[in-house]
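Trainee: Quick one: this structure, given as structure tokens, is what I'll be asking you about.
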Amino acid sequence: MIDFKKGFVDTAPFIYFIEKDSNNPQYHEKVKSFFKYGYDNDRKFVSSVITYGRVFCISI
């Protein structure tokens, strides 16, 4: 993994993380370890309002 201080995260990783093993079990652990790495190393994640809408099922 490349070192970073702030990274943009698109919609899919959030959905894989939230859905856990229901639809894409092969991605959940990878995304979980990515977010854990960021949290443990004080990294920041940013995303778009479109991602927010898709993850939380809000029509934009």
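Convention: chains lettered A, B, ... in structure tokens order; per-chain residue numbering from 1; ligands numbered from 1 as shown.
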Within 10 Å of Val9 (chain A), counting only C-alpha atoms, which residues show up once you throw out same-chain ones fewer than 6 positions away? Write them as a ChimeraX atom specification, please.

Mentor: /A:45-48,51

Trainee: Can you check which residues of chain A DSSP gives as alpha helix (DSSP H) on the backbone and send them as a PDB file with N, CA and C atoms, in the first residue's frame?

Mentor:
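For reference, out-v6.pdb as written:
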ATOM      1  N   THR A  11     -17.597   4.989  -3.993  1.00  0.00           N
ATOM      2  CA  THR A  11     -18.755   4.322  -3.404  1.00  0.00           C
ATOM      3  C   THR A  11     -18.543   2.855  -3.058  1.00  0.00           C
ATOM      4  N   ALA A  12     -17.993   2.077  -3.970  1.00  0.00           N
ATOM      5  CA  ALA A  12     -17.921   0.624  -3.808  1.00  0.00           C
ATOM      6  C   ALA A  12     -17.275   0.171  -2.499  1.00  0.00           C
ATOM      7  N   PRO A  13     -16.118   0.698  -2.101  1.00  0.00           N
ATOM      8  CA  PRO A  13     -15.531   0.220  -0.840  1.00  0.00           C
ATOM      9  C   PRO A  13     -16.432   0.412   0.377  1.00  0.00           C
ATOM     10  N   PHE A  14     -17.159   1.514   0.427  1.00  0.00           N
ATOM     11  CA  PHE A  14     -18.087   1.729   1.547  1.00  0.00           C
ATOM     12  C   PHE A  14     -19.194   0.674   1.535  1.00  0.00           C
ATOM     13  N   ILE A  15     -19.723   0.388   0.360  1.00  0.00           N
ATOM     14  CA  ILE A  15     -20.793  -0.613   0.256  1.00  0.00           C
ATOM     15  C   ILE A  15     -20.270  -1.995   0.624  1.00  0.00           C
ATOM     16  N   TYR A  16     -19.066  -2.351   0.136  1.00  0.00           N
ATOM     17  CA  TYR A  16     -18.484  -3.652   0.507  1.00  0.00           C
ATOM     18  C   TYR A  16     -18.293  -3.750   2.013  1.00  0.00           C
ATOM     19  N   PHE A  17     -17.888  -2.669   2.631  1.00  0.00           N
ATOM     20  CA  PHE A  17     -17.669  -2.670   4.076  1.00  0.00           C
ATOM     21  C   PHE A  17     -18.988  -2.805   4.836  1.00  0.00           C
ATOM     22  N   ILE A  18     -19.993  -2.065   4.434  1.00  0.00           N
ATOM     23  CA  ILE A  18     -21.280  -2.075   5.126  1.00  0.00           C
ATOM     24  C   ILE A  18     -22.019  -3.393   4.941  1.00  0.00           C
ATOM     25  N   GLU A  19     -22.004  -3.934   3.721  1.00  0.00           N
ATOM     26  CA  GLU A  19     -22.744  -5.168   3.448  1.00  0.00           C
ATOM     27  C   GLU A  19     -22.080  -6.406   4.029  1.00  0.00           C
ATOM     28  N   PRO A  25     -18.301 -11.225  -0.497  1.00  0.00           N
ATOM     29  CA  PRO A  25     -17.452 -11.597   0.641  1.00  0.00           C
ATOM     30  C   PRO A  25     -15.961 -11.494   0.346  1.00  0.00           C
ATOM     31  N   GLN A  26     -15.570 -11.588  -0.924  1.00  0.00           N
ATOM     32  CA  GLN A  26     -14.143 -11.537  -1.258  1.00  0.00           C
ATOM     33  C   GLN A  26     -13.541 -10.145  -1.062  1.00  0.00           C
ATOM     34  N   TYR A  27     -14.375  -9.104  -0.989  1.00  0.00           N
ATOM     35  CA  TYR A  27     -13.865  -7.749  -0.840  1.00  0.00           C
ATOM     36  C   TYR A  27     -13.954  -7.209   0.584  1.00  0.00           C
ATOM     37  N   HIS A  28     -14.838  -7.743   1.371  1.00  0.00           N
ATOM     38  CA  HIS A  28     -15.071  -7.180   2.710  1.00  0.00           C
ATOM     39  C   HIS A  28     -13.795  -7.106   3.547  1.00  0.00           C
ATOM     40  N   GLU A  29     -13.066  -8.185   3.667  1.00  0.00           N
ATOM     41  CA  GLU A  29     -11.865  -8.188   4.510  1.00  0.00           C
ATOM     42  C   GLU A  29     -10.786  -7.248   3.975  1.00  0.00           C
ATOM     43  N   LYS A  30     -10.669  -7.135   2.663  1.00  0.00           N
ATOM     44  CA  LYS A  30      -9.679  -6.229   2.074  1.00  0.00           C
ATOM     45  C   LYS A  30     -10.019  -4.782   2.396  1.00  0.00           C
ATOM     46  N   VAL A  31     -11.280  -4.424   2.242  1.00  0.00           N
ATOM     47  CA  VAL A  31     -11.713  -3.054   2.531  1.00  0.00           C
ATOM     48  C   VAL A  31     -11.619  -2.779   4.027  1.00  0.00           C
ATOM     49  N   LYS A  32     -11.983  -3.754   4.830  1.00  0.00           N
ATOM     50  CA  LYS A  32     -11.900  -3.606   6.278  1.00  0.00           C
ATOM     51  C   LYS A  32     -10.456  -3.337   6.703  1.00  0.00           C
ATOM     52  N   SER A  33      -9.499  -4.076   6.141  1.00  0.00           N
ATOM     53  CA  SER A  33      -8.100  -3.860   6.522  1.00  0.00           C
ATOM     54  C   SER A  33      -7.597  -2.506   6.023  1.00  0.00           C
ATOM     55  N   PHE A  34      -8.090  -2.044   4.865  1.00  0.00           N
ATOM     56  CA  PHE A  34      -7.729  -0.720   4.350  1.00  0.00           C
ATOM     57  C   PHE A  34      -8.210   0.376   5.296  1.00  0.00           C
ATOM     58  N   PHE A  35      -9.484   0.313   5.711  1.00  0.00           N
ATOM     59  CA  PHE A  35     -10.021   1.308   6.632  1.00  0.00           C
ATOM     60  C   PHE A  35      -9.326   1.227   7.998  1.00  0.00           C
ATOM     61  N   LYS A  36      -9.029   0.019   8.452  1.00  0.00           N
ATOM     62  CA  LYS A  36      -8.338  -0.144   9.736  1.00  0.00           C
ATOM     63  C   LYS A  36      -6.943   0.460   9.667  1.00  0.00           C
ATOM     64  N   TYR A  37      -6.238   0.226   8.568  1.00  0.00           N
ATOM     65  CA  TYR A  37      -4.918   0.820   8.390  1.00  0.00           C
ATOM     66  C   TYR A  37      -5.012   2.350   8.481  1.00  0.00           C
ATOM     67  N   GLY A  38      -5.986   2.918   7.789  1.00  0.00           N
ATOM     68  CA  GLY A  38      -6.170   4.369   7.825  1.00  0.00           C
ATOM     69  C   GLY A  38      -6.473   4.875   9.220  1.00  0.00           C
ATOM     70  N   TYR A  39      -7.353   4.187   9.909  1.00  0.00           N
ATOM     71  CA  TYR A  39      -7.723   4.594  11.273  1.00  0.00           C
ATOM     72  C   TYR A  39      -6.522   4.490  12.221  1.00  0.00           C
ATOM     73  N   ASP A  40      -5.839   3.358  12.177  1.00  0.00           N
ATOM     74  CA  ASP A  40      -4.703   3.124  13.071  1.00  0.00           C
ATOM     75  C   ASP A  40      -3.551   4.089  12.822  1.00  0.00           C
ATOM     76  N   VAL A  49     -20.480  13.694  -2.283  1.00  0.00           N
ATOM     77  CA  VAL A  49     -21.875  13.692  -1.866  1.00  0.00           C
ATOM     78  C   VAL A  49     -22.644  12.596  -2.597  1.00  0.00           C
ATOM     79  N   ILE A  50     -22.217  12.246  -3.778  1.00  0.00           N
ATOM     80  CA  ILE A  50     -22.856  11.151  -4.528  1.00  0.00           C
ATOM     81  C   ILE A  50     -22.643   9.832  -3.789  1.00  0.00           C
ATOM     82  N   THR A  51     -21.453   9.605  -3.286  1.00  0.00           N
ATOM     83  CA  THR A  51     -21.193   8.400  -2.495  1.00  0.00           C
ATOM     84  C   THR A  51     -22.080   8.373  -1.263  1.00  0.00           C
ATOM     85  N   TYR A  52     -22.184   9.484  -0.587  1.00  0.00           N
ATOM     86  CA  TYR A  52     -23.034   9.576   0.593  1.00  0.00           C
ATOM     87  C   TYR A  52     -24.469   9.179   0.238  1.00  0.00           C
ATOM     88  N   GLY A  53     -24.963   9.689  -0.852  1.00  0.00           N
ATOM     89  CA  GLY A  53     -26.325   9.372  -1.286  1.00  0.00           C
ATOM     90  C   GLY A  53     -26.508   7.913  -1.622  1.00  0.00           C
ATOM     91  N   ARG A  54     -25.553   7.334  -2.297  1.00  0.00           N
ATOM     92  CA  ARG A  54     -25.648   5.911  -2.667  1.00  0.00           C
ATOM     93  C   ARG A  54     -25.551   4.995  -1.460  1.00  0.00           C
ATOM     94  N   VAL A  55     -24.648   5.316  -0.565  1.00  0.00           N
ATOM     95  CA  VAL A  55     -24.453   4.467   0.616  1.00  0.00           C
ATOM     96  C   VAL A  55     -25.670   4.523   1.539  1.00  0.00           C
TER      97      VAL A  55
END

Trainee: Per DSSP on the backbone, what are the strand (DSSP E or B) residues of chain A, as number ranges by chain?

Mentor: A: 6-8, 44-46
